[in-house]
Each structure stands twice: as structure tokens, then as C-alpha cells.
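Colleague: Here it is: the structure, laid out below.
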Amino acid sequence: MQKLKVGLMGFGTVGSGVWRVLQDNSDKIIENCGFEIEASKILVRDLSKKRNGEIARGVFTDNPLEILNDENIKIVVEVMGGIEPAKEYILEAIKRGKHVVTANKALIASHGDMLLKAAKDANVKLLYEASVAGGIPIIHAIKESLSANRINSIMGILNGTTNYILSKMTSEKMEYDIVLKEAQEKGYAEADPTSDVEAFDAAYKLTILARLAFGIDVKIEDIYREGITNISPIDIEYATELGYVIKLLAIAKETNGKIELKVHPTFIPKGHPLAAVGDAFNAVYIKGNAVGELMFYGKGAGDLPTGSAAVGDIISIIREGTPNKMITQVINEKDLSNIKDMGSNQGEYYVRLLIKDIPGILGKIASLFGKYNVSLSSVIQKGKEEPAVSLVFITHETIELNVQYALTDIAKLPEVVSIANVIRVENI
């Protein structure tokens, strides 16, 4: 049996998952690619830390050169996370003619084009299936299975932490802070949850998917981003009453040659497949001009699902054989001008105001919406003669900037206590 040696850079959650998949599924891996894959060196930060007792201590190293200089290591698997030193190590591995597999979403989103060009110039492969949606093979699907399609739109629940929080708030009518604490105790959320709850994580993943789907050099700065920290049980209650579910969606869609890129809390109809995705699961919903509608669903994080994706990339490299068989996607830079400014997007909106319950206030607010061509589909008022009551609107489809202009004027009305929330609606 032929043996192929890989170097594993990082041995946290994902790194240990890669190692476990290689061990537990070795027979299946050999059957699928004809090689026994061995993690012959594993880079860690602290050699003194207690490690998996099944691994010989000599396998661990804190010196990256033991992987980079080893001519017998043909593939480097980077699962360290962060930008540096991961970028430096990947570039050095490429320079030395090694193929690279990475799960590093932040690095691929920020420097993916540069790294892919370096790999192409060096005639090696750089694969990154594990960087988006854990064990869901969405990158392969877009690059290979759907390559004959023009992708019209991608909408995804790409962050399990936020989906767990919103699902729990919906099913148990709990406050955001309480559910977040529970998510941290269960290991779904980090001690510092900013990357998840402020939607940075989902924005990185959307950057990667949008590049693949539309062939443009998307930057993380091109993605409009809004997190879930302002979602309250009352917003979820109104969503339910109106026939919607609130999800944090990453959305990329092309309309009349223009591309929208955004991550934000979204009202979606209860009957939509994404509305049923609960707990910490991920899902990606794609529309292609030939294939129609597809949804990919599964575990978007965790040691074994993400490890499975990384090992799948290793097997792909082995199966493809010689590096020059790889086709590198062409990025069309002139299309950058086609990324829409958020203010020009069109859609429907949920608006919740806190107002003083004074006769005539509804007419004043409706008049200001009308001033900016924002027509109203639904109006709900709950509470009466309290210091402040909720007044909720669902708009018809309109331009985002018009909604913002109208709300700026509405906020100046003395009867308006605050604009409590604005959530976009996708009637898909």
C-alpha cells in the first residue's frame, strides 16, 4: 500500500478532527484514493501541552520548518486560523512545491486571490472546502457540479452560533443575552462572540462563495454586514404573527447585471426551506438558471464535519494526479463596478417604532413614508395609552435609501420615542 505523508499545521478543534477522520476512516480513504494518508508531522504552539495519547510524541513539533523542509511531505493542511503566520506558511509551502489544504475562512476571504495565483504559478493546488459551512460540500458544488449554470442567487445560514441563538429565541421566547450565555456554556459560542454575532464570520464565508459564483474579486469590505445583537423577543413575536422567521442570512444575488452582497438578520416566510433550519446547523440555498433551486444542509462546524471536508480536499488532490490538470477560475476585475451599493438595493422592510400613543401620529408617520415613495403593506399597533407603544410596519418593495431617508425624518417627530428596529424582508 502506497503511503502519502501530509503535514498538519494546527491541532485544535479542526486539526484534531482531520487526524481523527484519517484514523477512523482509513479503509474508506484507501479505497477512494489508493493511498494511506499519514499525518507525519503536526505543528503546535506548545509542545508541553498534553496531547492525544494515540499519537507518538515525535510527530508533534513547534518548528514549521520540520514540515516545510520535509521533501516527503507532499501536502500541507493549514488549520491554525488567523491571517499570520498562516499566510506566511502557506506561501512558503507553495514556493516549495507542496499542495495546500486550508480551513481558514478569514485568510481565503482576505487574501485568497493572491494565494490562488501563487499556487497556479507554482503548479500546485490550493483547496479550501473546509473554510465554508463545515462538512457541507458547497465549494465543490459551485466549482464543479454547478459549473454549467449561471448562478442567480445564493442565500445561506452560514454561522451555526447565530442560528442556534435565533432558533432558541424563537422556540422558547428567550432574551438574546440569556441564550448567548447558554450557547457559550455549550461551546457553540466563543468567550468573545463578536465574530459570530456581529456577522464577521458569515461575511468572510459569503466573500468566498460570491467569488466562486460570480467570478469577481470580492473583498470583505464589499459585503454589507449587520449582526443579531439588536434582535429582541418582540421582533420574533411580530415575525411569527406576520408569517415569518428571523434568520441571519448571507445573500449574494445578481439582478439586471448588478450583484447584491449582504449579511443581515432577515424575515423569511415560514414555508421557505431555510426557515426550518434550526439549532447550530448551516444551509445554503442556491438558484441556478439551469438547475433551478437547490439547498445544501448539514453541520457547519465542529471537529469531524470540518475535518471531513479537509480530508476530502486531500483526496481530491491525490485523485487529480498531476498538478497541471487543475483549472483555476478566472476573476473578472472589470465586474467590480457591478457590485451594488447597499442604498440602491430594493426590497421589503419590517420597521418597529416606539411611539407615544397620541391621536394623529400614525397619519404623520404614513405621510413621511409616502414623501419618500415608501408604501406600507401592513401596520400593527399593540398597547394603548402607555408611555411608549410599539408601532410595526411592513413596507411594499422599495429602495433602501428611501427607507433610510423616511426614518431620519420620522425620528425627528416629537411623538416618536425611538426607531427600535429595522429588518429586511426576503419574500423568496
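The way I read the labels, and the way they are meant: chains A, B, ... in the order of the C-alpha cells, residue 1 as the first residue of every chain, and ligand 1 as the first ligand shown, with later ones counted on from there.
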Which residues of segment 229-345 of chain A have any atom within 12 Å of an atom in segment 386-395 of chain A when counting only C-alpha atoms, and what is the closest pair of atoms for each, with the distance in Å to one decimal? Order the rows by chain and rising number and write it as JSON lines.
Modeller:
```
{"residue": "A:Ile234", "atom": "CA", "partner": "A:Ser390", "partner_atom": "CA", "distance": 9.3}
{"residue": "A:Asp235", "atom": "CA", "partner": "A:Val392", "partner_atom": "CA", "distance": 9.4}
{"residue": "A:Glu237", "atom": "CA", "partner": "A:Val392", "partner_atom": "CA", "distance": 11.5}
{"residue": "A:Tyr238", "atom": "CA", "partner": "A:Val392", "partner_atom": "CA", "distance": 8.2}
{"residue": "A:Ala239", "atom": "CA", "partner": "A:Ile394", "partner_atom": "CA", "distance": 10.3}
{"residue": "A:Glu241", "atom": "CA", "partner": "A:Val392", "partner_atom": "CA", "distance": 11.4}
{"residue": "A:Leu242", "atom": "CA", "partner": "A:Ile394", "partner_atom": "CA", "distance": 9.1}
{"residue": "A:Gly243", "atom": "CA", "partner": "A:Ile394", "partner_atom": "CA", "distance": 11.8}
{"residue": "A:Tyr244", "atom": "CA", "partner": "A:Ile394", "partner_atom": "CA", "distance": 11.5}
{"residue": "A:Phe267", "atom": "CA", "partner": "A:Ile394", "partner_atom": "CA", "distance": 10.5}
```
Colleague: Only C-alpha atoms, please: the residues just picked out, written as a JSON list (two decimals), in the first residue's frame.
Modeller:
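Dumped to again_33.json:
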```
[["chain", "number", "residue", "atom", "x", "y", "z"],
["A", 234, "ILE", "CA", -40.79, 41.20, 20.48],
["A", 235, "ASP", "CA", -39.34, 41.28, 16.95],
["A", 237, "GLU", "CA", -43.14, 37.69, 18.11],
["A", 238, "TYR", "CA", -44.11, 40.11, 15.34],
["A", 239, "ALA", "CA", -42.31, 37.97, 12.76],
["A", 241, "GLU", "CA", -47.60, 36.91, 13.74],
["A", 242, "LEU", "CA", -46.81, 38.11, 10.23],
["A", 243, "GLY", "CA", -45.87, 34.65, 8.96],
["A", 244, "TYR", "CA", -42.08, 34.94, 9.03],
["A", 267, "PHE", "CA", -37.54, 37.99, 7.73]]
```
Colleague: Write out as a tab-separated table the residues of segment 180-225 of chain A that have any atom within 10 Å of an atom of segment 248-251 of chain A, one row each with the nearest atom pair and its distance in Å to one decimal, counting only C-alpha atoms, sorted by chain and then rising number.
Modeller:
```
residue	atom	partner	partner_atom	distance
A:Val197	CA	A:Leu248	CA	9.3
A:Ala199	CA	A:Leu248	CA	8.1
A:Ala202	CA	A:Ala250	CA	6.5
A:Ala203	CA	A:Ala250	CA	7.0
A:Tyr204	CA	A:Ala250	CA	9.9
A:Lys205	CA	A:Ala250	CA	8.4
A:Leu206	CA	A:Ala250	CA	6.2
A:Thr207	CA	A:Ala250	CA	9.6
A:Leu209	CA	A:Ala250	CA	9.9
A:Ala210	CA	A:Ile251	CA	9.0
A:Ile223	CA	A:Ala250	CA	9.3
A:Tyr224	CA	A:Ala250	CA	9.6
A:Arg225	CA	A:Ala250	CA	8.9
```
Colleague: Among segment 48-281 of chain A, which ones does DSSP place in helix (DSSP H, G or I), written as an MDAnalysis selection string?
Modeller: chainID A and resid 57:59 65:68 86:95 105:121 129:131 138:145 160:172 176:185 194:197 200:214 220:222 233:242 273:276
Colleague: With only C-alpha atoms as the counted atoms, please give the residues lying no more than 12 Å from Leu116 of chain A, apart from itself and same-chain residues fewer than 3 positions off, as number ranges by chain.
Modeller: A: 87, 90-91, 94, 99-102, 107-113, 119-128, 326-331
Colleague: Can you tell me which residues surround segment 158-175 of chain A at a distance of at most 7 Å, considering only C-alpha atoms, apart from same-chain residues fewer than 6 positions away, and format the answer as a compact mmCIF listing (two decimals) with N, CA and C atoms, in the first residue's frame?
Modeller:
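Output below, filename part00.txt:
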```
# COMPACT_ATOMS: atom_id res chain seq x y z
N ALA A 133 -18.98 26.47 5.74
CA ALA A 133 -20.07 25.54 6.05
C ALA A 133 -19.62 24.14 6.44
N TYR A 188 -21.06 26.40 21.79
CA TYR A 188 -21.46 26.89 20.47
C TYR A 188 -20.91 28.29 20.19
N ALA A 189 -20.68 29.06 21.24
CA ALA A 189 -20.19 30.43 21.09
C ALA A 189 -18.90 30.59 21.86
N ASP A 196 -18.99 36.00 15.48
CA ASP A 196 -20.24 35.34 15.12
C ASP A 196 -21.43 36.30 15.14
N VAL A 197 -21.67 36.91 16.30
CA VAL A 197 -22.92 37.67 16.48
C VAL A 197 -22.92 38.98 15.71
N ASP A 201 -17.97 36.42 10.69
CA ASP A 201 -17.76 35.05 10.23
C ASP A 201 -18.56 34.77 8.96
N ALA A 202 -19.83 35.10 8.97
CA ALA A 202 -20.68 34.86 7.80
C ALA A 202 -20.24 35.70 6.61
N SER A 232 -34.79 41.28 19.33
CA SER A 232 -35.42 41.05 20.64
C SER A 232 -36.59 40.09 20.48
N PRO A 233 -37.06 39.51 21.60
CA PRO A 233 -38.21 38.61 21.53
C PRO A 233 -39.44 39.25 20.90
N ILE A 236 -39.25 38.87 17.19
CA ILE A 236 -39.56 37.49 16.83
C ILE A 236 -41.06 37.24 16.93
N LYS A 247 -33.86 34.92 10.45
CA LYS A 247 -32.58 34.22 10.31
C LYS A 247 -31.50 35.23 9.93
N LEU A 248 -30.26 34.95 10.35
CA LEU A 248 -29.13 35.73 9.84
C LEU A 248 -28.75 35.12 8.50
N ALA A 250 -26.75 35.26 4.77
CA ALA A 250 -25.72 35.79 3.87
C ALA A 250 -26.29 35.68 2.46
N GLY A 278 -32.77 24.71 11.97
CA GLY A 278 -32.68 25.11 13.37
C GLY A 278 -31.36 24.76 14.01
N ASP A 279 -31.30 24.99 15.31
CA ASP A 279 -30.14 24.66 16.13
C ASP A 279 -28.88 25.30 15.52
N ALA A 280 -27.75 24.59 15.56
CA ALA A 280 -26.49 25.15 15.07
C ALA A 280 -26.18 24.70 13.65
N PHE A 281 -27.19 24.25 12.92
CA PHE A 281 -26.96 23.77 11.56
C PHE A 281 -26.79 24.92 10.58
N ASN A 282 -26.13 24.61 9.45
CA ASN A 282 -25.95 25.54 8.34
C ASN A 282 -26.77 25.07 7.15
N ALA A 283 -27.05 25.98 6.25
CA ALA A 283 -27.71 25.61 4.99
C ALA A 283 -27.40 26.67 3.94
N GLY A 300 -22.31 22.84 10.09
CA GLY A 300 -21.42 23.84 9.53
C GLY A 300 -20.15 24.05 10.31
```
Colleague: Given only C-alpha atoms as the basis, pick out the residue of A:Asn63, A:Leu407, A:Leu304, A:Ile151 nearest to Tyr285 of chain A.
Modeller: A:Ile151
Colleague: Just the residues within 12 Å of Ile361 of chain A, please, counting only C-alpha atoms, with nothing from its chain fewer than 2 positions along; format it as a list in words.
Modeller: Leu353, Leu354, Ile355, Lys356, Asp357, Ile358, Pro359, Gly363, Lys364, Ile365, Ala366, Ser367, Leu368, Gln381, Val389, Leu391, Ile410, Leu413, Pro414, Glu415, Val416 and Val417 of chain A
Colleague: Need to verify the contact set: Lys28 of chain A, 12 Å, only C-alpha atoms, exclusion of same-chain residues closer than 6 positions in sequence. Can you return it as an MDAnalysis selection string?
Modeller: chainID A and resid 21:22 34:37 311:312 315
Colleague: Print the selection's residues with C-alpha atoms to a file, as a CSV table (one decimal), in the first residue's frame.
Modeller:
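File written: part.csv
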```csv
chain,number,residue,atom,x,y,z
A,21,VAL,CA,-11.1,11.2,10.2
A,22,LEU,CA,-7.7,9.9,8.8
A,34,GLY,CA,-5.4,4.3,-3.3
A,35,PHE,CA,-3.2,5.8,-0.7
A,36,GLU,CA,-2.8,5.5,3.1
A,37,ILE,CA,-2.6,9.1,4.3
A,311,VAL,CA,-9.6,15.3,4.2
A,312,GLY,CA,-11.9,15.4,1.2
A,315,ILE,CA,-8.3,13.0,-1.6
```
Colleague: For atom CA of Ile83 of chain A and atom CA of Lys105 of chain A, quote the distance in Å rounded to one decimal.
Modeller: 9.5 Å
Colleague: Select, from A:Gly58, A:Gly302, A:Gly7, A:Gly307, the residue with the minimum atom-to-atom distance to Ile42 of chain A, counting only C-alpha atoms.
Modeller: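 With only C-alpha atoms as the atom set, the closest residue is A:Gly7.
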Colleague: Pick from A:Leu362, A:Val179, A:Ile75, A:Val422: nearest to Glu226 of chain A, with only C-alpha atoms counted?
Modeller: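 Distance minimum relative to Glu226 of chain A lands on A:Val422.
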Colleague: Run DSSP on the backbone and tell me which residues of segment 52-285 of chain A come out as strand (DSSP E or B); list them as a ChimeraX atom specification.
Modeller: /A:60-61,73-78,99-102,126-127,151-157,224-225,244-255,258-269,281-285
